[in-house]
file run-v5.cif (mmCIF, C-alpha atoms)
data_data
#
loop_
_atom_site.label_atom_id
_atom_site.label_comp_id
_atom_site.auth_asym_id
_atom_site.auth_seq_id
_atom_site.Cartn_x
_atom_site.Cartn_y
_atom_site.Cartn_z
CA SER A 1 -71.02 13.15 -129.18
CA GLN A 2 -67.36 14.05 -129.43
CA GLN A 3 -65.96 13.01 -132.79
CA GLY A 4 -62.44 14.30 -132.39
CA GLU A 5 -60.16 13.52 -129.50
CA GLU A 6 -56.96 15.48 -129.04
CA ASP A 7 -53.79 14.14 -127.54
CA PRO A 8 -52.10 15.21 -125.34
CA GLN A 9 -54.54 17.13 -123.17
CA ALA A 10 -51.75 19.47 -122.13
CA LEU A 11 -48.31 20.22 -123.55
CA SER A 12 -45.61 22.46 -122.12
CA ILE A 13 -42.53 23.34 -124.18
CA GLN A 14 -39.79 25.97 -124.41
CA GLU A 15 -39.78 28.76 -126.94
CA GLY A 16 -38.15 27.66 -130.18
CA GLU A 17 -39.17 24.03 -129.80
CA ASN A 18 -41.72 22.33 -132.02
CA ALA A 19 -45.15 21.40 -130.71
CA THR A 20 -47.09 18.42 -132.03
CA MET A 21 -50.73 17.76 -131.24
CA ASN A 22 -52.74 14.79 -132.43
CA CYS A 23 -56.40 14.25 -133.17
CA SER A 24 -58.30 11.02 -133.68
CA TYR A 25 -61.83 10.69 -134.97
CA LYS A 26 -64.35 7.93 -135.53
CA THR A 27 -66.33 8.35 -138.74
CA SER A 28 -65.63 9.29 -142.35
CA ILE A 29 -65.12 12.99 -142.88
CA ASN A 30 -65.25 15.62 -145.61
CA ASN A 31 -62.52 17.67 -144.02
CA LEU A 32 -60.76 18.28 -140.72
CA GLN A 33 -60.04 21.71 -139.31
CA TRP A 34 -57.85 23.05 -136.54
CA TYR A 35 -58.83 26.00 -134.38
CA ARG A 36 -57.03 28.01 -131.76
CA GLN A 37 -58.53 29.57 -128.62
CA ASN A 38 -56.78 32.11 -126.46
CA SER A 39 -57.81 32.01 -122.83
CA GLY A 40 -61.36 33.26 -122.36
CA ARG A 41 -61.86 34.14 -126.02
CA GLY A 42 -63.63 32.67 -129.04
CA LEU A 43 -62.09 30.12 -131.38
CA VAL A 44 -60.18 31.17 -134.47
CA HIS A 45 -59.81 29.01 -137.55
CA LEU A 46 -56.21 28.03 -138.34
CA ILE A 47 -56.18 25.54 -141.17
CA LEU A 48 -58.37 23.08 -143.06
CA ILE A 49 -57.34 19.81 -144.68
CA ARG A 50 -59.67 17.95 -146.99
CA SER A 51 -60.18 14.20 -146.89
CA ASN A 52 -58.26 13.73 -150.16
CA GLU A 53 -55.22 15.67 -148.88
CA ARG A 54 -52.42 14.19 -146.81
CA GLU A 55 -50.47 17.25 -145.76
CA LYS A 56 -50.92 20.99 -145.70
CA HIS A 57 -48.76 23.92 -144.65
CA SER A 58 -49.56 27.43 -143.53
CA GLY A 59 -46.68 29.51 -142.21
CA ARG A 60 -45.31 27.69 -139.16
CA LEU A 61 -48.20 25.24 -139.16
CA ARG A 62 -48.10 21.80 -140.71
CA VAL A 63 -51.13 19.53 -140.69
CA THR A 64 -51.22 15.89 -141.72
CA LEU A 65 -54.21 13.66 -142.25
CA ASP A 66 -54.28 9.87 -142.33
CA THR A 67 -57.80 8.78 -143.22
CA SER A 68 -56.91 5.09 -142.93
CA LYS A 69 -56.02 5.64 -139.26
CA LYS A 70 -58.65 8.35 -138.79
CA SER A 71 -56.08 10.68 -137.32
CA SER A 72 -54.53 14.09 -137.86
CA SER A 73 -51.61 15.98 -136.40
CA LEU A 74 -50.86 19.67 -136.04
CA LEU A 75 -47.22 20.70 -135.87
CA ILE A 76 -46.23 24.20 -134.83
CA THR A 77 -42.59 24.83 -135.63
CA ALA A 78 -40.28 27.24 -133.80
CA SER A 79 -42.91 27.96 -131.18
CA ARG A 80 -43.29 31.35 -129.53
CA ALA A 81 -44.77 32.41 -126.21
CA ALA A 82 -47.65 33.93 -128.19
CA ASP A 83 -48.59 30.44 -129.40
CA THR A 84 -49.78 29.63 -125.88
CA ALA A 85 -53.45 28.70 -126.33
CA SER A 86 -55.83 25.77 -126.59
CA TYR A 87 -55.94 23.98 -129.92
CA PHE A 88 -58.99 22.08 -131.14
CA CYS A 89 -59.55 19.77 -134.04
CA ALA A 90 -62.98 19.73 -135.65
CA THR A 91 -64.37 17.24 -138.12
CA ASP A 92 -66.88 17.90 -140.85
CA ALA A 93 -68.76 14.70 -141.62
CA SER A 94 -72.09 16.05 -142.77
CA GLY A 95 -71.30 19.32 -144.53
CA SER A 96 -73.45 21.35 -142.17
CA ARG A 97 -71.91 21.11 -138.72
CA LEU A 98 -68.53 20.55 -137.15
CA THR A 99 -67.82 18.34 -134.17
CA PHE A 100 -65.04 19.49 -131.87
CA GLY A 101 -62.65 17.60 -129.65
CA GLU A 102 -61.78 18.61 -126.11
CA GLY A 103 -58.63 20.43 -127.08
CA THR A 104 -54.94 20.47 -126.23
CA GLN A 105 -53.69 23.19 -123.91
CA LEU A 106 -50.31 24.35 -125.21
CA THR A 107 -48.01 26.39 -122.99
CA VAL A 108 -44.87 27.86 -124.54
CA ASN A 109 -42.43 29.05 -121.92
CA PRO A 110 -40.19 32.02 -122.78
CA ASP B 1 -63.32 40.19 -141.97
CA VAL B 2 -66.22 38.16 -140.69
CA LYS B 3 -67.58 39.49 -137.48
CA VAL B 4 -69.74 37.55 -135.06
CA THR B 5 -70.89 39.70 -132.19
CA GLN B 6 -72.31 38.39 -128.95
CA SER B 7 -74.25 41.05 -127.10
CA SER B 8 -73.14 40.24 -123.57
CA ARG B 9 -69.66 39.25 -122.49
CA TYR B 10 -70.50 38.55 -118.85
CA LEU B 11 -73.90 37.89 -117.27
CA VAL B 12 -75.03 36.92 -113.80
CA LYS B 13 -78.58 35.63 -113.53
CA ARG B 14 -80.68 34.07 -110.81
CA THR B 15 -82.06 30.55 -110.87
CA GLY B 16 -85.41 30.47 -112.63
CA GLU B 17 -84.83 33.64 -114.67
CA LYS B 18 -85.40 33.68 -118.40
CA VAL B 19 -82.13 34.49 -120.13
CA PHE B 20 -81.55 35.72 -123.67
CA LEU B 21 -78.16 35.49 -125.35
CA GLU B 22 -78.02 37.43 -128.58
CA CYS B 23 -75.70 36.91 -131.53
CA VAL B 24 -75.34 38.86 -134.77
CA GLN B 25 -73.14 38.09 -137.79
CA ASP B 26 -72.37 40.49 -140.61
CA MET B 27 -71.38 38.11 -143.43
CA ASP B 28 -74.77 36.98 -144.69
CA HIS B 29 -74.04 33.44 -143.50
CA GLU B 30 -76.81 30.88 -143.74
CA ASN B 31 -75.63 28.70 -140.85
CA MET B 32 -75.51 29.81 -137.24
CA PHE B 33 -74.64 27.81 -134.15
CA TRP B 34 -74.73 27.95 -130.39
CA TYR B 35 -72.15 25.96 -128.41
CA ARG B 36 -71.40 25.76 -124.74
CA GLN B 37 -67.90 25.14 -123.47
CA ASP B 38 -67.09 23.58 -120.13
CA PRO B 39 -63.74 22.44 -118.71
CA GLY B 40 -63.01 18.84 -119.62
CA LEU B 41 -65.99 18.62 -121.96
CA GLY B 42 -64.85 20.74 -124.88
CA LEU B 43 -67.41 22.41 -127.12
CA ARG B 44 -70.86 20.92 -127.25
CA LEU B 45 -73.44 21.95 -129.83
CA ILE B 46 -76.74 23.14 -128.37
CA TYR B 47 -78.68 24.21 -131.46
CA PHE B 48 -77.95 25.26 -134.99
CA SER B 49 -79.89 26.94 -137.75
CA TYR B 50 -79.32 26.71 -141.49
CA ASP B 51 -81.88 29.31 -142.53
CA VAL B 52 -84.26 31.92 -141.18
CA LYS B 53 -86.91 30.35 -138.93
CA MET B 54 -85.20 26.95 -139.24
CA LYS B 55 -83.53 25.22 -136.31
CA GLU B 56 -82.02 21.86 -135.52
CA LYS B 57 -81.22 20.32 -132.16
CA GLY B 58 -77.59 19.71 -131.43
CA ASP B 59 -76.14 17.36 -128.86
CA ILE B 60 -77.44 19.05 -125.70
CA PRO B 61 -80.65 21.00 -126.46
CA GLU B 62 -82.42 20.28 -123.17
CA GLY B 63 -83.20 23.42 -121.23
CA TYR B 64 -82.58 25.69 -124.22
CA SER B 65 -84.50 27.10 -127.15
CA VAL B 66 -83.46 29.32 -130.04
CA SER B 67 -84.93 31.94 -132.32
CA ARG B 68 -83.86 32.94 -135.84
CA GLU B 69 -86.24 35.61 -137.10
CA LYS B 70 -83.63 37.35 -139.25
CA LYS B 71 -80.73 35.88 -141.15
CA GLU B 72 -78.10 37.82 -139.25
CA ARG B 73 -79.42 37.16 -135.74
CA PHE B 74 -79.56 33.96 -133.71
CA SER B 75 -80.77 34.04 -130.14
CA LEU B 76 -80.30 31.43 -127.43
CA ILE B 77 -82.96 31.31 -124.75
CA LEU B 78 -82.76 29.70 -121.35
CA GLU B 79 -86.41 29.43 -120.35
CA SER B 80 -85.67 28.92 -116.66
CA ALA B 81 -81.99 29.23 -115.85
CA SER B 82 -80.42 26.65 -113.57
CA THR B 83 -77.03 26.54 -111.91
CA ASN B 84 -75.88 23.70 -114.18
CA GLN B 85 -76.21 26.10 -117.10
CA THR B 86 -73.35 28.19 -115.76
CA SER B 87 -70.93 28.08 -118.65
CA MET B 88 -69.30 29.89 -121.52
CA TYR B 89 -71.57 30.17 -124.53
CA LEU B 90 -70.15 30.57 -128.01
CA CYS B 91 -72.05 31.68 -131.07
CA ALA B 92 -70.73 30.93 -134.54
CA SER B 93 -71.65 31.19 -138.19
CA SER B 94 -70.66 29.64 -141.52
CA SER B 95 -71.72 29.53 -145.12
CA PRO B 96 -72.14 26.39 -147.22
CA ARG B 97 -71.83 28.58 -150.33
CA ASP B 98 -68.15 29.19 -149.64
CA ARG B 99 -66.77 25.96 -151.08
CA ASN B 100 -63.18 27.09 -150.68
CA SER B 101 -63.53 27.45 -146.92
CA GLY B 102 -65.04 24.01 -146.46
CA ASN B 103 -67.63 25.07 -143.91
CA THR B 104 -65.16 27.03 -141.78
CA ILE B 105 -66.86 28.34 -138.67
CA TYR B 106 -66.40 31.89 -137.39
CA PHE B 107 -66.86 32.38 -133.68
CA GLY B 108 -67.89 35.24 -131.46
CA GLU B 109 -65.89 36.14 -128.37
CA GLY B 110 -68.14 34.19 -126.03
CA SER B 111 -70.59 34.99 -123.26
CA TRP B 112 -69.78 33.95 -119.72
CA LEU B 113 -73.02 33.13 -117.93
CA THR B 114 -73.16 32.56 -114.20
CA VAL B 115 -76.44 31.34 -112.70
CA VAL B 116 -76.69 31.81 -108.95
#
call {"tool": "encode", "arguments": {"input": "run-v5.cif", "output": "structure tokens"}}
result
Amino acid sequence: SQQGEEDPQALSIQEGENATMNCSYKTSINNLQWYRQNSGRGLVHLILIRSNEREKHSGRLRVTLDTSKKSSSLLITASRAADTASYFCATDASGSRLTFGEGTQLTVNP
Amino acid sequence: DVKVTQSSRYLVKRTGEKVFLECVQDMDHENMFWYRQDPGLGLRLIYFSYDVKMKEKGDIPEGYSVSREKKERFSLILESASTNQTSMYLCASSSPRDRNSGNTIYFGEGSWLTVV
């Protein structure tokens, strides 16, 4: 079953703009993670936010978590062409496995 | 850096063949996972293992089996490959001992399997 659902499915922006992707989930979680996947490659972990945190930053990434709405957002500021990739949220509800959403395909045009 | 290595990047197999996908991790992780990824369906968990010789079914185990004889190695087996198993397969590992990482998963580069 898919716990996380990303929105939008696809996003196309110009270099320098900010990109915002959203994730909704259904059950209580321990933490929520965001991953990035370049075309045809494996996923790479970007950032983790715990259920008792509301916001977290890492470089140009900003993640928010609203447990009352069961939603999270990933903001990439000052986007670059190299940020073009698919972005997935993953929820950890059990402590042993993650459940991934279907991803948002981000295209950053130079 | 954690390294998860999948033995084959691209495979083409015939319907009915037995297929082995091998995965090795070098970080002494307890947990290992096999996912498949298909367009529009995201990542779906096939099987996972939290210890040597232990395995748990994921969301789509039908048509697959797994083997974990050593801690660093987790194999996915397609007993009789079918065309609907054409997909990208991703192996991953994690450690519940690393409390700071919160069960972060480390992925291999993926294996593209085509069944003809």
call {"tool": "closest_residue", "arguments": {"input": "run-v5.cif", "among": "B:Glu79, B:Glu109, B:Asp38, B:Asp26", "to": "Glu62 in chain B", "atoms": "all atoms listed in the file"}}
result
B:Glu79
call {"tool": "closest_atom_pairs", "arguments": {"input": "run-v5.cif", "of": "chain B", "to": "chain A", "cutoff": "12 Å", "atoms": "all atoms listed in the file", "output": "tab-separated table"}}
result
residue	atom	partner	partner_atom	distance
B:Val2	CA	A:Val44	CA	11.1
B:Lys3	CA	A:Val44	CA	11.5
B:Val4	CA	A:Gly42	CA	9.9
B:Thr5	CA	A:Gly42	CA	10.6
B:Gln6	CA	A:Gly42	CA	10.4
B:Arg9	CA	A:Arg41	CA	10.0
B:Tyr10	CA	A:Gly40	CA	11.1
B:Glu30	CA	A:Ser96	CA	10.2
B:Asn31	CA	A:Ser96	CA	7.8
B:Met32	CA	A:Arg97	CA	9.5
B:Phe33	CA	A:Arg97	CA	8.6
B:Trp34	CA	A:Arg97	CA	11.1
B:Tyr35	CA	A:Phe100	CA	10.2
B:Arg36	CA	A:Gly42	CA	11.3
B:Gln37	CA	A:Glu102	CA	9.3
B:Asp38	CA	A:Glu102	CA	9.4
B:Pro39	CA	A:Glu102	CA	8.6
B:Gly40	CA	A:Glu102	CA	6.6
B:Leu41	CA	A:Glu102	CA	5.9
B:Gly42	CA	A:Glu102	CA	3.9
B:Leu43	CA	A:Phe100	CA	6.1
B:Arg44	CA	A:Phe100	CA	7.6
B:Leu45	CA	A:Thr99	CA	8.0
B:Ile46	CA	A:Ser1	CA	11.5
B:Tyr47	CA	A:Arg97	CA	10.4
B:Phe48	CA	A:Arg97	CA	8.2
B:Ser49	CA	A:Ser96	CA	9.6
B:Tyr50	CA	A:Ser96	CA	8.0
B:Asp51	CA	A:Ser96	CA	11.6
B:Glu56	CA	A:Arg97	CA	10.6
B:Lys57	CA	A:Arg97	CA	11.4
B:Gly58	CA	A:Arg97	CA	9.3
B:Asp59	CA	A:Ser1	CA	6.6
B:Ile60	CA	A:Ser1	CA	9.4
B:Ser87	CA	A:Gly40	CA	11.5
B:Met88	CA	A:Gly40	CA	8.7
B:Tyr89	CA	A:Gly42	CA	9.5
B:Leu90	CA	A:Gly42	CA	6.9
B:Cys91	CA	A:Gly42	CA	8.7
B:Ala92	CA	A:Gly42	CA	9.1
B:Ser93	CA	A:Arg97	CA	10.1
B:Ser94	CA	A:Ser96	CA	8.8
B:Ser95	CA	A:Ser96	CA	8.9
B:Pro96	CA	A:Ser96	CA	7.3
B:Arg97	CA	A:Gly95	CA	10.9
B:Asp98	CA	A:Gly95	CA	11.6
B:Arg99	CA	A:Gly95	CA	10.4
B:Asn100	CA	A:Leu48	CA	9.9
B:Ser101	CA	A:Leu48	CA	7.8
B:Gly102	CA	A:Asn31	CA	7.2
B:Asn103	CA	A:Gly95	CA	6.8
B:Thr104	CA	A:His45	CA	7.1
B:Ile105	CA	A:His45	CA	7.2
B:Tyr106	CA	A:Val44	CA	6.9
B:Phe107	CA	A:Gly42	CA	5.7
B:Gly108	CA	A:Gly42	CA	5.5
B:Glu109	CA	A:Gly42	CA	4.2
B:Gly110	CA	A:Gly42	CA	5.6
B:Ser111	CA	A:Arg41	CA	9.2
B:Trp112	CA	A:Gly40	CA	8.9
call {"tool": "resolve_selection", "arguments": {"input": "run-v5.cif", "expression": "the PyMOL selection byres ((chain A and resi 13) around 6)", "output": "list in words"}}
result
Ser12, Gln14 and Val108 of chain A
call {"tool": "resolve_selection", "arguments": {"input": "run-v5.cif", "expression": "the PyMOL selection byres ((chain A and resi 71) around 12)", "output": "count of residues only"}}
result
34
call {"tool": "atom_distance", "arguments": {"input": "run-v5.cif", "atom1": "CA of Phe20 in chain B", "atom2": "CA of Lys71 in chain B"}}
result
17.5 Å
call {"tool": "atom_distance", "arguments": {"input": "run-v5.cif", "atom1": "CA of Ser8 in chain B", "atom2": "CA of Thr114 in chain B"}}
result
12.1 Å
call {"tool": "atom_distance", "arguments": {"input": "run-v5.cif", "atom1": "CA of Thr77 in chain A", "atom2": "CA of Thr107 in chain A"}}
result
13.8 Å
call {"tool": "residues_near_point", "arguments": {"input": "run-v5.cif", "point": "(-79.4, 22.0, -114.8)", "cutoff": "12 Å", "atoms": "all atoms listed in the file", "output": "list in words"}}
result
Thr15, Gly16, Ile60, Pro61, Glu62, Gly63, Tyr64, Leu78, Glu79, Ser80, Ala81, Ser82, Thr83, Asn84, Gln85, Thr86, Ser87, Val115 and Val116 of chain B
call {"tool": "resolve_selection", "arguments": {"input": "run-v5.cif", "expression": "the PyMOL selection byres ((chain A and resi 81) around 10)", "output": "PyMOL selection string"}}
result
chain A and resi 13-16+79-80+82-85+106-110
call {"tool": "decode", "arguments": {"input": "run-v5.cif", "residues": "range 72-91 of chain A", "atoms": "N, CA, C and O atoms", "output": "compact mmCIF listing (two decimals), in the first residue's frame"}}
result
# COMPACT_ATOMS: atom_id res chain seq x y z
N SER A 72 3.63 16.88 4.45
CA SER A 72 4.98 17.42 4.48
C SER A 72 5.22 18.15 3.17
O SER A 72 4.59 17.84 2.15
N SER A 73 6.14 19.10 3.20
CA SER A 73 6.54 19.75 1.97
C SER A 73 8.05 19.83 1.90
O SER A 73 8.74 19.93 2.93
N LEU A 74 8.55 19.76 0.67
CA LEU A 74 9.98 19.91 0.40
C LEU A 74 10.14 21.13 -0.49
O LEU A 74 9.55 21.19 -1.56
N LEU A 75 10.92 22.08 -0.03
CA LEU A 75 11.21 23.29 -0.80
C LEU A 75 12.67 23.26 -1.20
O LEU A 75 13.55 23.09 -0.36
N ILE A 76 12.91 23.43 -2.49
CA ILE A 76 14.28 23.59 -2.99
C ILE A 76 14.40 25.04 -3.44
O ILE A 76 13.67 25.47 -4.36
N THR A 77 15.27 25.77 -2.81
CA THR A 77 15.42 27.18 -3.17
C THR A 77 16.49 27.36 -4.25
O THR A 77 17.41 26.54 -4.37
N ALA A 78 16.33 28.43 -5.03
CA ALA A 78 17.32 28.79 -6.06
C ALA A 78 17.71 27.57 -6.88
O ALA A 78 18.89 27.19 -6.93
N SER A 79 16.74 26.95 -7.50
CA SER A 79 16.96 25.68 -8.18
C SER A 79 17.99 25.79 -9.30
O SER A 79 18.17 26.86 -9.90
N ARG A 80 18.61 24.66 -9.57
CA ARG A 80 19.62 24.55 -10.63
C ARG A 80 19.22 23.45 -11.58
O ARG A 80 18.47 22.55 -11.20
N ALA A 81 19.77 23.46 -12.77
CA ALA A 81 19.46 22.40 -13.74
C ALA A 81 19.82 21.03 -13.17
O ALA A 81 19.14 20.03 -13.44
N ALA A 82 20.86 20.97 -12.35
CA ALA A 82 21.28 19.70 -11.74
C ALA A 82 20.29 19.16 -10.72
O ALA A 82 20.42 18.01 -10.29
N ASP A 83 19.32 19.97 -10.33
CA ASP A 83 18.28 19.49 -9.41
C ASP A 83 17.22 18.66 -10.12
O ASP A 83 16.34 18.08 -9.48
N THR A 84 17.27 18.64 -11.45
CA THR A 84 16.31 17.84 -12.22
C THR A 84 16.41 16.38 -11.81
O THR A 84 17.47 15.77 -11.90
N ALA A 85 15.30 15.84 -11.32
CA ALA A 85 15.27 14.47 -10.78
C ALA A 85 13.85 14.18 -10.33
O ALA A 85 12.97 15.04 -10.38
N SER A 86 13.64 12.96 -9.87
CA SER A 86 12.38 12.61 -9.19
C SER A 86 12.61 12.66 -7.69
O SER A 86 13.67 12.27 -7.21
N TYR A 87 11.62 13.17 -6.99
CA TYR A 87 11.72 13.31 -5.54
C TYR A 87 10.61 12.51 -4.88
O TYR A 87 9.44 12.60 -5.26
N PHE A 88 10.99 11.71 -3.89
CA PHE A 88 10.05 10.81 -3.23
C PHE A 88 10.02 11.12 -1.73
O PHE A 88 11.06 11.34 -1.12
N CYS A 89 8.82 11.09 -1.18
CA CYS A 89 8.73 11.08 0.28
C CYS A 89 8.56 9.63 0.73
O CYS A 89 8.02 8.80 0.01
N ALA A 90 9.02 9.36 1.93
CA ALA A 90 8.92 8.01 2.49
C ALA A 90 8.59 8.14 3.96
O ALA A 90 9.20 8.93 4.68
N THR A 91 7.64 7.36 4.41
CA THR A 91 7.22 7.42 5.81
C THR A 91 7.67 6.18 6.56
O THR A 91 7.64 5.07 6.03
